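S.K.: Here you go, this is start_37.cif (mmCIF, C-alpha atoms).
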```cif
data_start
#
loop_
_atom_site.label_atom_id
_atom_site.label_comp_id
_atom_site.auth_asym_id
_atom_site.auth_seq_id
_atom_site.Cartn_x
_atom_site.Cartn_y
_atom_site.Cartn_z
CA MET A 10 16.82 0.93 15.19
CA SER A 11 19.10 3.44 13.56
CA VAL A 12 17.53 5.95 11.18
CA ALA A 13 20.44 5.11 8.86
CA GLU A 14 18.92 1.68 8.13
CA PRO A 15 16.81 1.64 4.97
CA ARG A 16 13.08 1.88 5.45
CA ARG A 17 10.60 0.14 3.21
CA ILE A 18 7.13 1.20 2.17
CA VAL A 19 4.66 -0.93 0.29
CA LEU A 20 1.90 1.05 -1.40
CA PHE A 21 -0.95 -1.40 -1.92
CA ARG A 22 -4.07 -0.52 -3.87
CA HIS A 23 -7.27 -2.19 -2.71
CA ALA A 24 -8.50 -5.14 -4.75
CA LYS A 25 -11.36 -4.92 -7.27
CA ALA A 26 -14.52 -3.52 -5.71
CA ASP A 27 -18.13 -4.21 -6.49
CA TRP A 28 -20.67 -1.49 -7.38
CA PRO A 29 -23.75 -2.13 -5.20
CA PRO A 30 -26.09 0.80 -4.43
CA VAL A 31 -24.12 2.03 -1.39
CA SER A 32 -21.88 5.04 -0.75
CA ASP A 33 -18.41 4.90 -2.30
CA HIS A 34 -16.86 4.50 1.15
CA GLU A 35 -18.98 1.38 1.82
CA ARG A 36 -18.33 -0.46 -1.46
CA PRO A 37 -17.26 -4.08 -0.78
CA LEU A 38 -14.89 -6.24 -2.77
CA ALA A 39 -16.12 -8.09 -5.82
CA GLU A 40 -15.53 -11.85 -6.01
CA ARG A 41 -12.44 -11.28 -8.18
CA GLY A 42 -11.22 -8.76 -5.62
CA ARG A 43 -11.40 -11.31 -2.84
CA THR A 44 -9.34 -13.74 -4.90
CA ASP A 45 -6.78 -11.10 -5.96
CA ALA A 46 -6.38 -9.79 -2.39
CA ALA A 47 -5.33 -13.24 -1.17
CA VAL A 48 -2.95 -13.68 -4.12
CA ALA A 49 -1.44 -10.26 -3.40
CA GLY A 50 -1.00 -11.30 0.23
CA ARG A 51 0.96 -14.36 -0.88
CA ARG A 52 3.15 -12.16 -3.11
CA LEU A 53 3.71 -9.78 -0.18
CA ALA A 54 4.75 -12.78 1.94
CA ASP A 55 7.19 -13.78 -0.82
CA THR A 56 9.04 -10.46 -0.38
CA GLY A 57 10.17 -11.64 3.05
CA ILE A 58 9.40 -8.22 4.55
CA THR A 59 8.14 -8.16 8.11
CA PHE A 60 5.86 -5.16 8.32
CA ASP A 61 5.91 -3.21 11.57
CA LEU A 62 2.85 -1.12 10.74
CA ALA A 63 -0.10 -1.15 8.34
CA LEU A 64 -1.92 2.09 7.55
CA CYS A 65 -5.26 1.23 5.99
CA SER A 66 -8.00 3.44 4.61
CA THR A 67 -11.28 3.15 6.49
CA ALA A 68 -13.19 2.28 3.29
CA THR A 69 -14.82 -1.15 3.27
CA ARG A 70 -12.91 -2.36 0.20
CA THR A 71 -9.50 -1.48 1.68
CA ARG A 72 -10.33 -3.08 5.03
CA GLU A 73 -11.52 -6.25 3.24
CA THR A 74 -8.41 -6.29 1.02
CA TRP A 75 -6.13 -6.00 4.03
CA LYS A 76 -8.01 -8.67 6.01
CA LEU A 77 -7.54 -11.17 3.15
CA ALA A 78 -3.93 -10.19 2.38
CA VAL A 79 -2.63 -10.09 5.96
CA HIS A 80 -3.91 -13.61 6.52
CA GLU A 81 -1.16 -14.76 4.12
CA LEU A 82 1.67 -13.07 6.05
CA ALA A 83 3.77 -14.85 8.68
CA HIS A 84 3.57 -11.82 11.00
CA ARG A 85 0.51 -9.60 11.50
CA PRO A 86 1.64 -5.99 11.93
CA LYS A 87 -0.06 -3.39 14.07
CA THR A 88 -2.85 -1.97 11.89
CA ILE A 89 -4.19 1.57 12.06
CA TYR A 90 -7.35 2.35 10.13
CA GLU A 91 -6.68 5.90 9.01
CA GLU A 92 -9.50 8.11 7.68
CA ARG A 93 -7.00 10.42 5.98
CA VAL A 94 -5.94 7.66 3.56
CA TYR A 95 -9.40 7.54 1.95
CA GLU A 96 -9.40 9.70 -1.23
CA ALA A 97 -6.00 11.14 -0.26
CA SER A 98 -3.70 12.93 -2.66
CA PRO A 99 -0.01 11.95 -2.81
CA GLY A 100 0.83 14.99 -0.66
CA GLU A 101 -1.73 14.00 1.96
CA LEU A 102 -0.33 10.46 2.01
CA ILE A 103 3.20 11.80 2.50
CA ALA A 104 1.91 13.80 5.47
CA VAL A 105 0.46 10.62 7.01
CA LEU A 106 3.74 8.74 6.45
CA ASN A 107 5.76 11.64 7.90
CA GLU A 108 4.01 10.93 11.23
CA VAL A 109 5.20 7.31 11.44
CA PRO A 110 7.39 6.80 14.54
CA ASP A 111 11.08 6.32 13.84
CA ASP A 112 11.19 2.93 15.55
CA VAL A 113 9.05 1.61 12.65
CA ARG A 114 11.12 0.26 9.78
CA ASN A 115 8.62 -1.27 7.32
CA VAL A 116 5.18 0.13 6.54
CA ILE A 117 2.40 -1.03 4.26
CA LEU A 118 -0.20 1.52 3.22
CA ILE A 119 -3.47 0.16 1.82
CA GLY A 120 -5.26 2.84 -0.16
CA HIS A 121 -6.84 4.03 -3.36
CA ASN A 122 -5.99 5.34 -6.78
CA PRO A 123 -5.06 7.82 -8.04
CA GLY A 124 -3.30 8.67 -4.75
CA VAL A 125 -1.37 5.41 -4.31
CA HIS A 126 -0.04 5.32 -7.88
CA GLY A 127 0.76 9.02 -7.77
CA LEU A 128 2.63 8.62 -4.51
CA ALA A 129 4.69 5.70 -5.81
CA ASP A 130 5.64 7.70 -8.89
CA ILE A 131 6.42 10.88 -6.91
CA LEU A 132 8.51 9.17 -4.23
CA ALA A 133 10.60 7.16 -6.69
CA GLY A 134 13.64 9.22 -7.59
CA ALA A 135 15.14 6.00 -8.95
CA ALA A 136 13.87 2.57 -9.91
CA GLU A 137 15.40 -0.87 -10.13
CA GLY A 138 15.23 -2.61 -13.50
CA ASP A 139 11.98 -2.04 -15.36
CA ALA A 140 9.84 -1.53 -12.24
CA ARG A 141 8.81 2.05 -13.12
CA ALA A 142 7.98 1.20 -16.74
CA ARG A 143 5.89 -1.79 -15.63
CA MET A 144 4.12 0.26 -12.94
CA ASN A 145 3.30 3.15 -15.23
CA GLY A 146 2.48 0.89 -18.16
CA ARG A 147 -0.12 -1.00 -16.14
CA GLY A 148 -1.68 2.08 -14.54
CA PHE A 149 -1.61 0.51 -11.03
CA PRO A 150 -4.63 -1.80 -11.30
CA ALA A 151 -6.64 -3.06 -8.34
CA ALA A 152 -4.60 -5.25 -5.92
CA ALA A 153 -1.27 -3.97 -7.30
CA PHE A 154 1.54 -2.92 -4.99
CA ALA A 155 4.81 -1.01 -5.23
CA LEU A 156 7.77 -1.57 -2.91
CA LEU A 157 9.94 1.46 -2.22
CA SER A 158 12.94 1.97 0.04
CA PHE A 159 14.57 5.11 1.40
CA ASP A 160 17.08 6.19 4.03
CA GLY A 161 16.42 8.55 6.89
CA PRO A 162 13.62 9.29 9.33
CA TRP A 163 9.96 9.18 8.26
CA LYS A 164 9.68 12.95 8.62
CA SER A 165 12.24 13.26 5.79
CA LEU A 166 10.08 11.30 3.32
CA GLU A 167 9.42 13.58 0.36
CA PRO A 168 9.32 13.44 -3.44
CA HIS A 169 12.21 11.66 -5.18
CA VAL A 170 13.95 10.31 -2.02
CA ALA A 171 13.00 6.66 -2.51
CA THR A 172 13.92 3.86 -4.87
CA LEU A 173 11.16 1.83 -6.50
CA ALA A 174 12.52 -1.64 -5.76
CA ALA A 175 9.63 -3.75 -7.06
CA TYR A 176 6.18 -3.61 -8.54
CA TRP A 177 3.55 -6.35 -8.74
CA ALA A 178 0.04 -6.50 -10.22
CA PRO A 179 -2.33 -9.41 -10.65
CA SER A 180 -2.70 -10.69 -14.18
CA GLU A 181 -5.81 -9.34 -15.84
#
```
Hey, can you dump this file as structure tokens for me?
M.R.:
Amino acid sequence: MSVAEPRRIVLFRHAKADWPPVSDHERPLAERGRTDAAVAGRRLADTGITFDLALCSTATRTRETWKLAVHELAHRPKTIYEERVYEASPGELIAVLNEVPDDVRNVILIGHNPGVHGLADILAGAAEGDARARMNGRGFPAAAFALLSFDGPWKSLEPHVATLAAYWAPSE
């Protein structure tokens, strides 16, 4: 693959979590979260993107979200459960993405707010249509995702180099 081909990143916030008496890292999905994760997976499938790599937080709710969403995709990408995605800032998430090998074209990152929303906003130097207004107006609710594209190698990913191509959130 040439580094001149556009790369795509989907930033996917975990679905709605429950609040049982466990550590934050171990919180599972709520019933609504399980439903929304599957719906989000169908919407991801509708994009037609074949993901080469999934980077998923190690938190229970992100792992459960990804398990339900990936089931809806035609192709299951290689998945790496990455501790650094849990509670990561946008800068920390950029550092993780900068390490993606250049033979990878399309990545989905399953993480948490405020990092995922912040990263989508920071990376997007441009946006198609009303995608940015919809994303920022909704506040990036649980199970939402943003699709961004950029040119160049992963190590060149930095603020304002991407285009926000699409945004989706479940109806609330």
S.K.: So how far away is atom CA of Gly134 of chain A from atom CA of Ser66 of chain A, in Å?
M.R.: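 We find that atom CA of Ser66 of chain A and atom CA of Gly134 of chain A lie 25.5 Å from each other.
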S.K.: Run the PyMOL selection byres ((chain A and resi 156) around 9) on the file and write out the hits as a PDB file with C-alpha atoms, keeping the file's coordinate frame.
M.R.:
```pdb
ATOM      1  CA  ARG A  17      10.600   0.140   3.210  1.00  0.00           C
ATOM      2  CA  ILE A  18       7.130   1.200   2.170  1.00  0.00           C
ATOM      3  CA  VAL A  19       4.660  -0.930   0.290  1.00  0.00           C
ATOM      4  CA  LEU A  20       1.900   1.050  -1.400  1.00  0.00           C
ATOM      5  CA  PHE A  21      -0.950  -1.400  -1.920  1.00  0.00           C
ATOM      6  CA  ILE A 117       2.400  -1.030   4.260  1.00  0.00           C
ATOM      7  CA  ALA A 129       4.690   5.700  -5.810  1.00  0.00           C
ATOM      8  CA  PHE A 154       1.540  -2.920  -4.990  1.00  0.00           C
ATOM      9  CA  ALA A 155       4.810  -1.010  -5.230  1.00  0.00           C
ATOM     10  CA  LEU A 157       9.940   1.460  -2.220  1.00  0.00           C
ATOM     11  CA  SER A 158      12.940   1.970   0.040  1.00  0.00           C
ATOM     12  CA  THR A 172      13.920   3.860  -4.870  1.00  0.00           C
ATOM     13  CA  LEU A 173      11.160   1.830  -6.500  1.00  0.00           C
ATOM     14  CA  ALA A 174      12.520  -1.640  -5.760  1.00  0.00           C
ATOM     15  CA  ALA A 175       9.630  -3.750  -7.060  1.00  0.00           C
ATOM     16  CA  TYR A 176       6.180  -3.610  -8.540  1.00  0.00           C
ATOM     17  CA  TRP A 177       3.550  -6.350  -8.740  1.00  0.00           C
TER      18      TRP A 177
END
```
S.K.: Which one of A:Glu35, A:Glu73, A:Asp55, A:Glu108 sits closest to Ser165 of chain A if you count only C-alpha atoms?
M.R.: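 Result for the nearest residue to Ser165 of chain A: A:Glu108.
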S.K.: Which centre and which edge lengths, in Å to one decimal, describe the axis-aligned box that holds all listed atoms of segment 140-145 of chain A after 3 Å is added on each side, as AutoDock Vina command-line options?
M.R.:
```
--center_x 6.6 --center_y 0.7 --center_z -14.5 --size_x 12.5 --size_y 10.9 --size_z 10.5
```
S.K.: Write out as a compact mmCIF listing (two decimals) with C-alpha atoms, keeping the file's coordinate frame the residues lying within 12 Å of segment 139-153 of chain A, counting only C-alpha atoms and excluding same-chain residues fewer than 5 positions away.
M.R.:
```txt
# COMPACT_ATOMS: atom_id res chain seq x y z
CA VAL A 19 4.66 -0.93 0.29
CA LEU A 20 1.90 1.05 -1.40
CA PHE A 21 -0.95 -1.40 -1.92
CA ARG A 22 -4.07 -0.52 -3.87
CA HIS A 23 -7.27 -2.19 -2.71
CA ALA A 24 -8.50 -5.14 -4.75
CA LYS A 25 -11.36 -4.92 -7.27
CA ALA A 26 -14.52 -3.52 -5.71
CA ASP A 27 -18.13 -4.21 -6.49
CA LEU A 38 -14.89 -6.24 -2.77
CA ALA A 39 -16.12 -8.09 -5.82
CA ARG A 41 -12.44 -11.28 -8.18
CA GLY A 42 -11.22 -8.76 -5.62
CA ARG A 43 -11.40 -11.31 -2.84
CA THR A 44 -9.34 -13.74 -4.90
CA ASP A 45 -6.78 -11.10 -5.96
CA ALA A 46 -6.38 -9.79 -2.39
CA ALA A 47 -5.33 -13.24 -1.17
CA VAL A 48 -2.95 -13.68 -4.12
CA ALA A 49 -1.44 -10.26 -3.40
CA GLY A 50 -1.00 -11.30 0.23
CA ARG A 51 0.96 -14.36 -0.88
CA ARG A 52 3.15 -12.16 -3.11
CA LEU A 53 3.71 -9.78 -0.18
CA ARG A 70 -12.91 -2.36 0.20
CA THR A 71 -9.50 -1.48 1.68
CA GLU A 73 -11.52 -6.25 3.24
CA THR A 74 -8.41 -6.29 1.02
CA TRP A 75 -6.13 -6.00 4.03
CA LEU A 77 -7.54 -11.17 3.15
CA ALA A 78 -3.93 -10.19 2.38
CA LEU A 118 -0.20 1.52 3.22
CA ILE A 119 -3.47 0.16 1.82
CA GLY A 120 -5.26 2.84 -0.16
CA HIS A 121 -6.84 4.03 -3.36
CA ASN A 122 -5.99 5.34 -6.78
CA PRO A 123 -5.06 7.82 -8.04
CA GLY A 124 -3.30 8.67 -4.75
CA VAL A 125 -1.37 5.41 -4.31
CA HIS A 126 -0.04 5.32 -7.88
CA GLY A 127 0.76 9.02 -7.77
CA LEU A 128 2.63 8.62 -4.51
CA ALA A 129 4.69 5.70 -5.81
CA ASP A 130 5.64 7.70 -8.89
CA ILE A 131 6.42 10.88 -6.91
CA LEU A 132 8.51 9.17 -4.23
CA ALA A 133 10.60 7.16 -6.69
CA GLY A 134 13.64 9.22 -7.59
CA THR A 172 13.92 3.86 -4.87
CA LEU A 173 11.16 1.83 -6.50
CA ALA A 174 12.52 -1.64 -5.76
CA ALA A 175 9.63 -3.75 -7.06
CA TYR A 176 6.18 -3.61 -8.54
CA TRP A 177 3.55 -6.35 -8.74
CA ALA A 178 0.04 -6.50 -10.22
CA PRO A 179 -2.33 -9.41 -10.65
CA SER A 180 -2.70 -10.69 -14.18
CA GLU A 181 -5.81 -9.34 -15.84
```
S.K.: State, in Å with one decimal place, the distance from atom CA of Pro86 of chain A to atom CA of Cys65 of chain A.
M.R.: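 These two atoms are separated by 11.6 Å.
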S.K.: Which is closest to Thr67 of chain A among A:Pro162, A:His84, A:Arg36, A:Ala54, if we use only C-alpha atoms?
M.R.: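 Nearest to Thr67 of chain A: A:Arg36.
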S.K.: Going by the chain IDs and residue numbers used in this file, which residues fall under the PyMOL selection byres ((chain A and resi 91) around 8)? Write them as an MDAnalysis selection string.
M.R.: chainID A and resid 64:67 89:90 92:95
S.K.: So the first atom is atom CA of Ala68 of chain A and the second is atom CA of Val31 of chain A; what is the distance between them in Å, to one decimal place?
M.R.: 11.9 Å
S.K.: Can I get segment 16-31 of chain A with N, CA, C and O atoms filled in, as a compact mmCIF listing (two decimals), in the coordinates of the input?
M.R.:
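Dumped everything to rebuild-v1.txt:
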```
# COMPACT_ATOMS: atom_id res chain seq x y z
N ARG A 16 14.48 2.11 5.12
CA ARG A 16 13.08 1.88 5.45
C ARG A 16 12.39 1.41 4.18
O ARG A 16 12.78 1.78 3.08
N ARG A 17 11.35 0.62 4.37
CA ARG A 17 10.60 0.14 3.21
C ARG A 17 9.13 0.49 3.36
O ARG A 17 8.58 0.41 4.46
N ILE A 18 8.55 0.86 2.24
CA ILE A 18 7.13 1.20 2.17
C ILE A 18 6.53 0.37 1.05
O ILE A 18 7.05 0.36 -0.07
N VAL A 19 5.44 -0.29 1.34
CA VAL A 19 4.66 -0.93 0.29
C VAL A 19 3.38 -0.12 0.15
O VAL A 19 2.67 0.13 1.12
N LEU A 20 3.13 0.34 -1.06
CA LEU A 20 1.90 1.05 -1.40
C LEU A 20 1.01 0.05 -2.11
O LEU A 20 1.36 -0.43 -3.20
N PHE A 21 -0.09 -0.29 -1.50
CA PHE A 21 -0.95 -1.40 -1.92
C PHE A 21 -2.34 -0.84 -2.23
O PHE A 21 -3.01 -0.29 -1.36
N ARG A 22 -2.74 -0.96 -3.48
CA ARG A 22 -4.07 -0.52 -3.87
C ARG A 22 -5.07 -1.62 -3.53
O ARG A 22 -4.81 -2.79 -3.75
N HIS A 23 -6.23 -1.22 -3.03
CA HIS A 23 -7.27 -2.19 -2.71
C HIS A 23 -7.60 -3.05 -3.93
O HIS A 23 -7.43 -2.62 -5.08
N ALA A 24 -8.11 -4.23 -3.68
CA ALA A 24 -8.50 -5.14 -4.75
C ALA A 24 -9.81 -4.65 -5.40
O ALA A 24 -10.44 -3.71 -4.93
N LYS A 25 -10.20 -5.32 -6.47
CA LYS A 25 -11.36 -4.92 -7.27
C LYS A 25 -12.63 -4.88 -6.42
O LYS A 25 -12.99 -5.84 -5.76
N ALA A 26 -13.30 -3.73 -6.48
CA ALA A 26 -14.52 -3.52 -5.71
C ALA A 26 -15.76 -3.75 -6.55
O ALA A 26 -15.73 -3.65 -7.78
N ASP A 27 -16.83 -4.06 -5.87
CA ASP A 27 -18.13 -4.21 -6.49
C ASP A 27 -18.82 -2.84 -6.54
O ASP A 27 -18.32 -1.87 -5.96
N TRP A 28 -19.94 -2.75 -7.21
CA TRP A 28 -20.67 -1.49 -7.38
C TRP A 28 -22.13 -1.61 -6.90
O TRP A 28 -23.05 -1.25 -7.63
N PRO A 29 -22.37 -2.08 -5.67
CA PRO A 29 -23.75 -2.13 -5.20
C PRO A 29 -24.25 -0.71 -4.91
O PRO A 29 -23.46 0.23 -4.85
N PRO A 30 -25.54 -0.54 -4.69
CA PRO A 30 -26.09 0.80 -4.43
C PRO A 30 -25.82 1.27 -3.00
O PRO A 30 -26.73 1.36 -2.16
N VAL A 31 -24.55 1.51 -2.70
CA VAL A 31 -24.12 2.03 -1.39
C VAL A 31 -23.18 3.21 -1.64
O VAL A 31 -22.75 3.43 -2.78
```
